[in-house]
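Asks: Below: one structure in structure tokens.
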Amino acid sequence: MASYHHGDLRRVLLSTAAEAIAESGPAALSLRELARRAGVSHAAPAHHFGDKAGLLTAFATQGFDLLADALRQAGDDLLDTGVAYVGFAVRHRAHFDVMFRPELYRADDPELVAARARSGDVLREGVARHTGREPDADALAAWSIVHGFATLWLSGALPPRVGDDPEAAARTVIRRLFD
């Protein structure tokens, strides 16, 4: 049985959920299996999250916060921000797999709405700095490109000639926007 400190059980459960989702996808996740993997009572996840939708809401919220941090750390260069988005998707695939599937969680949860807005704001701010225009349409275009690339990469749908480094490949594709 895994050991944990009472104060970090939520973190342990979210980390364990990331491992389980990475292995089997969000549909296969159950609170009972999560408890077993975390080495806690079967009631512990329900106590923290209520139900599976509550768990996935917290998980998606965590994902949007991690994405916002990754995009901020990329700096002011829009190309680097796009590459950071793809890098986030690859390094945090379980989060990425849940974040953009609102049927899995409570999309109107205030914490989730705020976290999603923070990540979107970072992207819009980067687009505004780059274009100097109203960023909404340009941000949607930039997000569509990096999200689409990340999704194609993760699904293995890109041709072999793209190579085996997702960030280098993304940099090449995203750079075409600036040519």
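Following the order of the structure tokens, chains are lettered A, B, ..., residues in each are numbered from 1, and ligands are numbered from 1.
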Might you pull out every residue within 10 Å of Val98 in chain A, with only C-alpha atoms counted and same-chain residues fewer than 2 positions away left off, and present them as JSON, numbers by chain?
Replies: {"A": [18, 21, 25, 26, 27, 56, 57, 59, 60, 61, 63, 93, 94, 95, 96, 100, 101, 102, 103, 104, 105]}
Asks: Could you go through range 57-169 of chain A and tell me which residues DSSP, when run on the backbone, assigns to helix (DSSP H, G or I), listing them as a PyMOL selection string?
Replies: chain A and resi 57-73+78-91+93-99+102-104+110-131+135-155+160-162+166-169
Asks: Check the smallest atom-to-atom distance from each of A:Leu177, A:Asp97, A:Asp51, A:Ala107 to Arg32 in chain A using only C-alpha atoms, then report the winner.
Replies: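 Result for the nearest residue to Arg32 in chain A: A:Asp51.
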Asks: Find the distance between CA of Leu123 in chain A and CA of Arg171 in chain A and write it in Å to one decimal.
Replies: 16.0 Å
Asks: For CA of Ala117 in chain A and CA of Pro135 in chain A, quote the distance in Å rounded to one decimal.
Replies: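 Distance reported for this atom pair: 14.2 Å.
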Asks: Select, from A:Phe64, A:Phe49, A:Trp153, A:Phe88, the residue with the minimum atom-to-atom distance to Leu9 in chain A, counting only C-alpha atoms.
Replies: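 Using only C-alpha atoms, Leu9 in chain A sits closest to A:Phe49.
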Asks: Would you mind reading off the distance between CA of Ala43 in chain A and CA of Arg10 in chain A, one decimal, in Å?
Replies: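 Taking CA of Ala43 in chain A and CA of Arg10 in chain A, their separation equals 12.9 Å.
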Asks: Kindly indicate which residue among A:Leu154, A:Val113, A:Ala137, A:Val86 lies nearest to Ala169 in chain A, using only C-alpha atoms for the distances.
Replies: A:Val86
Asks: Using only C-alpha atoms, determine which residues lie at most 12 Å from Arg175 in chain A, disregarding the query and same-chain residues fewer than 4 positions distant; provide the list as a VMD selection string.
Replies: chain A and resid 77 to 83 142 145 to 146 167 to 171 179
